[in-house]
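Read the structure below first, then the notes.
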Amino acid sequence: MTQGADGSPGRRTVLGAAVLGTAALGLGSTAARADERDSGHGSYRDLPSPTVIAHRGASGYRPEHTLGSYQLALDMGAHVIEQDLVPTKDGHLVCRHENDITGTTDVAAHPEFASRKTTKSIDGVSLTGWFTEDFTLAELKTLRAKERIPANRQENTLYDGRWAIPTFEEVLRWAEKEGHRRGRPVWLHVETKHPTYFRGLGLGLEERLARLLRRYGRDRRNSPVFLQSFEPSSIQRLAGLVDSPRVVLLSAANTRPWDFVQAGDPRTVADLVKPEGLKWIASYAQGIGPTLDLIIPRDANGKLGTQTTLVRDAHAKGLILHPYTMRNENTFLPADFRRGTDPNAYGDAFGAFKVYFETGIDGIFTDNSDTGLLAAADFRG
């Protein structure tokens with residue numbers, strides 16, 4: 001989910017969160033899907049508040065965007081599980097945070113793919129590596145996932161090589177199976193990555209995603225899925241294809257969505273978080289996913305400042321807020337909540353969660369679902 005670059009549970013997992021598994025949700029049988037469509041039950045408004053969204057799965061404990069990461073997050077009790085989607089050369093949607101798979105797979109160790117290494121411009125940024133759109137699905141399936149930030153999460157490297165890159169259809173099947181087993185729908189939070197870039201390659205994401213959503217009964221307004229993108233035009237396109245709940249992601253205030261850059265739209269994120277911008281978003285989406293710094297800015301020293309009016313203004317337009325991303329490690333926390341000098345040690349994540357929940361947000365993305373669930377339980381009292 002996080003725009004741009006951004007262990008095993010033994011040391012880190014807050015074990016008490018396991019008992020919160022009743023909050024986990026999953027998709028049932030065809031009959032159950034029909035019941036959900038017709039009954040009006042299962043609205044995103046009925047999710048626990050604050051909603052705990054597993055950012056790329058349980059990525060604080062397993063390599064991100066793997067079935068192992070998704071399963072652990074669901075077992076911990078996460079309310080919603082996130083997937084980021086990029087296409088293969090032959091048009092399949094796979095779950096990777098970026099189409100550049102250099103840092104999240106073992107592709108560099110495959111001599112048969114050495115010639116695929118190349119330099120590309122992705123949304124105005126020059127990147128050198130290996131990219132999903134240059135591989136068929138069969139070729140990608142010969143790779144194995146690995147930890148993206150091993151310097152921060154050395155324990156997660158234990159699981160390097162254990163899982164393949166999942167297709168989104170495989171995730172939908174997994175969610176259906178888990179939902180049937182648990183008797184509750186497994187909610188997903190699905191992001192289209194670099195949609196303008198891929199449309200330019202003839203690999204449009206939205207139509208492919210909509211076909212899968214219709215096939216698996218997740219195309220209705222009460223379906224257990226959120227659709228998200230940093231490009232508003234992708235969400236507008238999806239709004240014309242399916243009725244599933246939609247969220248516009250918002251990066252730093254001084255940035256412009258890439259589709260705005262390409263279309264010559266001068267608006268920045270700072271414009272979109274103003275009441276008029278939020279009104280425009282509410283005309284085709286049900287929520288926003290702002291960076292946490294748009295909720296409470298940090299000062300030059302990394303400490304939290306004064307809360308903005310974004311939560312109040314978005315709620316006034318009927319929008320929910322799912323900001324990103326909470327992580328337990330000191331290096332990712334506001335300076336107010338860092339503990340000790342080790343950037344990779346855990347800080348006062350519970351304290352940070354409490355401050356963010358007090359702003360009135362509806363949910364939050366986190367790499368550590370167990371911590372987020374306990375913090376949410378504490379907040380609800």
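Just remember, in the structure tokens the first chain shown is A, the second B, etc., residues are 1-based per chain, and ligands are 1-based in the order shown.
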Open item on the list: Would you pick out the contacts of Leu310 (chain A) at 10 Å or less, using only C-alpha atoms, so that residues sharing its chain but fewer than 5 positions from it are not included, and give the list as a ChimeraX atom specification?
Closed with: /A:273-275,278,290,294-296,315-316,321,359,361
Task: Expected answer as a PyMOL selection string: strand (DSSP E) residues in region 35-283 of chain A - done: chain A and resi 51-54+80-87+93-95+118-122+125-129+187-192+225-229+246-250
TODO: Find, counting only C-alpha atoms, the residue in A:Asp265, A:Glu64, A:Glu112, A:Asp100 that gets nearest to Ile149 (chain A).
DONE: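 For Ile149 (chain A), the nearest of the candidates is A:Glu64.
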Open item on the list: Can you pull out the residues contacting Arg211 (chain A)? Cut-off 12 Å, using only C-alpha atoms, and skip same-chain residues under 2 positions away; I want them as a VMD selection string.
Closed with: chain A and resid 92 to 93 168 to 169 205 to 209 213 to 219 238 241 to 242
Open item on the list: Residues of region 143-340 of chain A classed as helix (DSSP H, G or I) by DSSP on the backbone are to be reported as a PyMOL selection string.
Closed with: chain A and resi 154-159+168-182+195-200+205-215+232-239+258-263+269-272+275-282+292-295+310-316+330-332+335-337
Those selected residues, please, written with C-alpha atoms and delivered as a compact mmCIF listing (two decimals), in the first residue's frame.
# COMPACT_ATOMS: atom_id res chain seq x y z
CA GLN A 154 16.33 -9.95 10.12
CA GLU A 155 14.10 -12.57 11.74
CA ASN A 156 11.78 -12.52 8.74
CA THR A 157 14.60 -13.80 6.53
CA LEU A 158 14.05 -17.22 8.14
CA TYR A 159 11.09 -17.52 5.76
CA PHE A 168 -4.91 -12.46 -6.92
CA GLU A 169 -7.18 -15.30 -8.02
CA GLU A 170 -5.31 -17.62 -5.67
CA VAL A 171 -5.91 -15.11 -2.87
CA LEU A 172 -9.62 -14.99 -3.71
CA ARG A 173 -9.78 -18.79 -3.54
CA TRP A 174 -7.89 -18.74 -0.24
CA ALA A 175 -10.29 -16.14 1.15
CA GLU A 176 -13.28 -18.17 0.02
CA LYS A 177 -11.93 -21.32 1.68
CA GLU A 178 -11.02 -19.53 4.91
CA GLY A 179 -14.36 -17.73 4.97
CA HIS A 180 -16.26 -20.96 4.57
CA ARG A 181 -14.21 -22.54 7.36
CA ARG A 182 -14.73 -19.59 9.72
CA PRO A 195 -2.46 1.91 -13.25
CA THR A 196 -1.63 4.67 -15.77
CA TYR A 197 1.78 3.12 -16.46
CA PHE A 198 0.31 -0.34 -17.02
CA ARG A 199 -2.55 0.93 -19.17
CA GLY A 200 0.08 2.46 -21.40
CA LEU A 205 -5.58 -3.34 -14.29
CA GLU A 206 -9.16 -2.30 -13.65
CA GLU A 207 -10.93 -4.49 -16.20
CA ARG A 208 -8.93 -7.54 -15.14
CA LEU A 209 -9.66 -6.83 -11.49
CA ALA A 210 -13.37 -6.28 -12.15
CA ARG A 211 -13.65 -9.63 -13.97
CA LEU A 212 -12.18 -11.45 -10.99
CA LEU A 213 -14.37 -9.58 -8.54
CA ARG A 214 -17.47 -10.55 -10.51
CA ARG A 215 -16.31 -14.16 -10.76
CA PRO A 232 -8.11 8.80 -8.57
CA SER A 233 -8.83 7.96 -12.20
CA SER A 234 -8.30 4.27 -11.43
CA ILE A 235 -10.96 4.45 -8.73
CA GLN A 236 -13.27 6.33 -11.08
CA ARG A 237 -12.75 3.63 -13.70
CA LEU A 238 -13.50 0.92 -11.16
CA ALA A 239 -16.63 2.80 -10.08
CA TRP A 258 0.69 10.32 -11.32
CA ASP A 259 -2.49 10.34 -13.39
CA PHE A 260 -2.81 14.06 -12.57
CA VAL A 261 0.75 14.61 -13.78
CA GLN A 262 0.03 12.76 -17.01
CA ALA A 263 -3.26 14.60 -17.58
CA VAL A 269 -2.81 16.13 -2.46
CA ALA A 270 -3.05 19.35 -0.41
CA ASP A 271 -5.90 20.37 -2.72
CA LEU A 272 -7.62 17.00 -2.44
CA PRO A 275 -13.36 20.27 1.70
CA GLU A 276 -13.87 20.83 -2.03
CA GLY A 277 -11.39 18.10 -2.91
CA LEU A 278 -13.02 15.71 -0.45
CA LYS A 279 -16.43 16.49 -1.94
CA TRP A 280 -15.05 15.54 -5.35
CA ILE A 281 -13.63 12.27 -4.00
CA ALA A 282 -16.95 11.47 -2.29
CA LEU A 292 -0.67 9.34 8.81
CA ASP A 293 1.22 12.61 8.42
CA LEU A 294 -1.89 14.12 6.83
CA ILE A 295 -3.74 13.32 10.07
CA LEU A 310 -8.85 16.09 7.80
CA VAL A 311 -10.76 13.54 9.89
CA ARG A 312 -13.54 16.00 10.63
CA ASP A 313 -13.68 17.29 7.06
CA ALA A 314 -13.70 13.81 5.50
CA HIS A 315 -16.41 12.57 7.84
CA ALA A 316 -18.47 15.63 6.97
CA ASN A 330 11.51 2.63 16.34
CA THR A 331 12.66 3.67 12.89
CA PHE A 332 9.06 3.91 11.66
CA ALA A 335 10.03 10.29 17.64
CA ASP A 336 7.73 10.71 20.65
CA PHE A 337 7.30 6.94 20.85
Task: Nearest to Gly68 (chain A) by atom-to-atom distance, counting only C-alpha atoms, from A:Gly161, A:Pro224, A:Pro343, A:Gly240 - done: A:Gly161
Where does region 41-123 of chain A meet region 127-132 of chain A within 10 Å, residue by residue, with the nearest atom pair and distance in Å to one decimal for each, counting only C-alpha atoms, listed by chain and rising number, as JSON lines?
{"residue": "A:Val86", "atom": "CA", "partner": "A:Thr132", "partner_atom": "CA", "distance": 7.2}
{"residue": "A:Pro87", "atom": "CA", "partner": "A:Thr132", "partner_atom": "CA", "distance": 6.5}
{"residue": "A:Thr88", "atom": "CA", "partner": "A:Thr132", "partner_atom": "CA", "distance": 5.2}
{"residue": "A:Lys89", "atom": "CA", "partner": "A:Thr132", "partner_atom": "CA", "distance": 6.9}
{"residue": "A:Asp90", "atom": "CA", "partner": "A:Thr132", "partner_atom": "CA", "distance": 10.0}
{"residue": "A:His92", "atom": "CA", "partner": "A:Thr132", "partner_atom": "CA", "distance": 10.0}
{"residue": "A:Leu93", "atom": "CA", "partner": "A:Thr132", "partner_atom": "CA", "distance": 9.7}
{"residue": "A:Val94", "atom": "CA", "partner": "A:Thr132", "partner_atom": "CA", "distance": 8.6}
{"residue": "A:Arg96", "atom": "CA", "partner": "A:Thr132", "partner_atom": "CA", "distance": 8.9}
{"residue": "A:Glu98", "atom": "CA", "partner": "A:Phe131", "partner_atom": "CA", "distance": 8.4}
{"residue": "A:Asn99", "atom": "CA", "partner": "A:Phe131", "partner_atom": "CA", "distance": 5.1}
{"residue": "A:Asp100", "atom": "CA", "partner": "A:Phe131", "partner_atom": "CA", "distance": 4.5}
{"residue": "A:Ile101", "atom": "CA", "partner": "A:Trp130", "partner_atom": "CA", "distance": 5.7}
{"residue": "A:Thr102", "atom": "CA", "partner": "A:Gly129", "partner_atom": "CA", "distance": 5.5}
{"residue": "A:Gly103", "atom": "CA", "partner": "A:Gly129", "partner_atom": "CA", "distance": 8.8}
{"residue": "A:Thr105", "atom": "CA", "partner": "A:Trp130", "partner_atom": "CA", "distance": 9.7}
{"residue": "A:Val107", "atom": "CA", "partner": "A:Trp130", "partner_atom": "CA", "distance": 7.5}
{"residue": "A:Ala108", "atom": "CA", "partner": "A:Trp130", "partner_atom": "CA", "distance": 8.2}
{"residue": "A:Phe113", "atom": "CA", "partner": "A:Trp130", "partner_atom": "CA", "distance": 8.6}
{"residue": "A:Ala114", "atom": "CA", "partner": "A:Trp130", "partner_atom": "CA", "distance": 8.9}
{"residue": "A:Ser115", "atom": "CA", "partner": "A:Trp130", "partner_atom": "CA", "distance": 9.4}
{"residue": "A:Arg116", "atom": "CA", "partner": "A:Trp130", "partner_atom": "CA", "distance": 6.2}
{"residue": "A:Lys117", "atom": "CA", "partner": "A:Trp130", "partner_atom": "CA", "distance": 4.9}
{"residue": "A:Thr118", "atom": "CA", "partner": "A:Thr128", "partner_atom": "CA", "distance": 5.5}
{"residue": "A:Thr119", "atom": "CA", "partner": "A:Thr128", "partner_atom": "CA", "distance": 4.1}
{"residue": "A:Lys120", "atom": "CA", "partner": "A:Leu127", "partner_atom": "CA", "distance": 5.4}
{"residue": "A:Ser121", "atom": "CA", "partner": "A:Leu127", "partner_atom": "CA", "distance": 6.2}
{"residue": "A:Ile122", "atom": "CA", "partner": "A:Leu127", "partner_atom": "CA", "distance": 7.1}
Residues at most 6 Å from Ala78 (chain A), counting only C-alpha atoms, excluding those fewer than 4 positions away in the same chain, as a PDB file with all heavy atoms, in the first residue's frame?
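result-v9.pdb written:
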ATOM      1  N   ALA A  24     -11.723 -11.725  12.814  1.00  0.00           N
ATOM      2  CA  ALA A  24     -11.333 -12.059  11.445  1.00  0.00           C
ATOM      3  C   ALA A  24     -12.577 -12.428  10.645  1.00  0.00           C
ATOM      4  O   ALA A  24     -13.504 -13.014  11.169  1.00  0.00           O
ATOM      5  CB  ALA A  24     -10.347 -13.229  11.459  1.00  0.00           C
ATOM      6  N   VAL A  52      -8.690  -2.815  11.922  1.00  0.00           N
ATOM      7  CA  VAL A  52      -7.264  -3.132  11.812  1.00  0.00           C
ATOM      8  C   VAL A  52      -7.028  -3.823  10.467  1.00  0.00           C
ATOM      9  O   VAL A  52      -7.559  -4.910  10.213  1.00  0.00           O
ATOM     10  CB  VAL A  52      -6.797  -4.015  12.978  1.00  0.00           C
ATOM     11  CG1 VAL A  52      -5.337  -4.461  12.773  1.00  0.00           C
ATOM     12  CG2 VAL A  52      -6.938  -3.262  14.295  1.00  0.00           C
ATOM     13  N   ALA A  54      -4.439  -5.437   7.808  1.00  0.00           N
ATOM     14  CA  ALA A  54      -3.121  -6.079   7.739  1.00  0.00           C
ATOM     15  C   ALA A  54      -2.394  -5.608   6.484  1.00  0.00           C
ATOM     16  O   ALA A  54      -2.718  -6.019   5.371  1.00  0.00           O
ATOM     17  CB  ALA A  54      -3.274  -7.588   7.740  1.00  0.00           C
ATOM     18  N   ALA A  73      -1.794 -13.076   9.302  1.00  0.00           N
ATOM     19  CA  ALA A  73      -2.595 -11.902   9.656  1.00  0.00           C
ATOM     20  C   ALA A  73      -4.029 -12.304   9.977  1.00  0.00           C
ATOM     21  O   ALA A  73      -4.624 -11.817  10.945  1.00  0.00           O
ATOM     22  CB  ALA A  73      -2.566 -10.888   8.526  1.00  0.00           C
ATOM     23  N   LEU A  74      -4.592 -13.193   9.167  1.00  0.00           N
ATOM     24  CA  LEU A  74      -5.960 -13.648   9.414  1.00  0.00           C
ATOM     25  C   LEU A  74      -6.044 -14.421  10.713  1.00  0.00           C
ATOM     26  O   LEU A  74      -6.982 -14.233  11.513  1.00  0.00           O
ATOM     27  CB  LEU A  74      -6.426 -14.513   8.245  1.00  0.00           C
ATOM     28  CG  LEU A  74      -7.888 -14.932   8.256  1.00  0.00           C
ATOM     29  CD1 LEU A  74      -8.811 -13.726   8.188  1.00  0.00           C
ATOM     30  CD2 LEU A  74      -8.188 -15.898   7.112  1.00  0.00           C
ATOM     31  N   SER A 369      -0.502  -6.761  13.005  1.00  0.00           N
ATOM     32  CA  SER A 369      -1.937  -6.852  13.307  1.00  0.00           C
ATOM     33  C   SER A 369      -2.205  -7.154  14.768  1.00  0.00           C
ATOM     34  O   SER A 369      -3.170  -6.644  15.352  1.00  0.00           O
ATOM     35  CB  SER A 369      -2.585  -7.940  12.435  1.00  0.00           C
ATOM     36  OG  SER A 369      -2.473  -7.647  11.068  1.00  0.00           O
TER      37      SER A 369
END
Open item on the list: Using Å and a single decimal, report how far CA of His55 (chain A) sits from CA of Thr306 (chain A).
Closed with: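 A separation of 25.7 Å between them.
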TODO: Can you work out the spacing between CA of Phe379 (chain A) and CA of Thr366 (chain A) in Å, to one decimal?
DONE: 15.9 Å
Task: Residue neighbourhood His189 (chain A), 6 Å, only C-alpha atoms, exclusion window fewer than 5 positions, as a PyMOL selection string - done: chain A and resi 81-82+225-226
Go ahead and dump the residues you just picked, all heavy atoms, as an mmCIF file, in the first residue's frame.
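selection.cif was written with the following content:
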data_model
loop_
_atom_site.group_PDB
_atom_site.id
_atom_site.type_symbol
_atom_site.label_atom_id
_atom_site.label_comp_id
_atom_site.auth_asym_id
_atom_site.auth_seq_id
_atom_site.Cartn_x
_atom_site.Cartn_y
_atom_site.Cartn_z
ATOM 1 N N ILE A 81 -7.423 -7.800 5.087
ATOM 2 C CA ILE A 81 -6.096 -8.172 4.613
ATOM 3 C C ILE A 81 -5.830 -7.433 3.302
ATOM 4 O O ILE A 81 -6.653 -7.471 2.382
ATOM 5 C CB ILE A 81 -5.971 -9.688 4.363
ATOM 6 C CG1 ILE A 81 -6.589 -10.496 5.507
ATOM 7 C CG2 ILE A 81 -4.517 -10.070 4.127
ATOM 8 C CD1 ILE A 81 -5.877 -10.395 6.819
ATOM 9 N N GLU A 82 -4.658 -6.792 3.180
ATOM 10 C CA GLU A 82 -4.355 -5.998 1.987
ATOM 11 C C GLU A 82 -3.579 -6.770 0.933
ATOM 12 O O GLU A 82 -2.691 -7.564 1.259
ATOM 13 C CB GLU A 82 -3.531 -4.756 2.363
ATOM 14 C CG GLU A 82 -3.356 -3.829 1.171
ATOM 15 C CD GLU A 82 -2.195 -2.864 1.315
ATOM 16 O OE1 GLU A 82 -1.207 -3.176 2.018
ATOM 17 O OE2 GLU A 82 -2.275 -1.789 0.689
ATOM 18 N N VAL A 225 -14.831 -6.280 0.319
ATOM 19 C CA VAL A 225 -13.595 -5.856 -0.320
ATOM 20 C C VAL A 225 -13.588 -4.340 -0.435
ATOM 21 O O VAL A 225 -14.632 -3.718 -0.654
ATOM 22 C CB VAL A 225 -13.453 -6.501 -1.726
ATOM 23 C CG1 VAL A 225 -14.586 -6.067 -2.646
ATOM 24 C CG2 VAL A 225 -12.096 -6.198 -2.354
ATOM 25 N N PHE A 226 -12.424 -3.753 -0.233
ATOM 26 C CA PHE A 226 -12.179 -2.347 -0.559
ATOM 27 C C PHE A 226 -11.257 -2.319 -1.775
ATOM 28 O O PHE A 226 -10.309 -3.103 -1.865
ATOM 29 C CB PHE A 226 -11.481 -1.610 0.589
ATOM 30 C CG PHE A 226 -12.293 -1.475 1.840
ATOM 31 C CD1 PHE A 226 -12.134 -2.376 2.887
ATOM 32 C CD2 PHE A 226 -13.211 -0.446 1.996
ATOM 33 C CE1 PHE A 226 -12.864 -2.255 4.055
ATOM 34 C CE2 PHE A 226 -13.951 -0.302 3.159
ATOM 35 C CZ PHE A 226 -13.778 -1.210 4.191
#
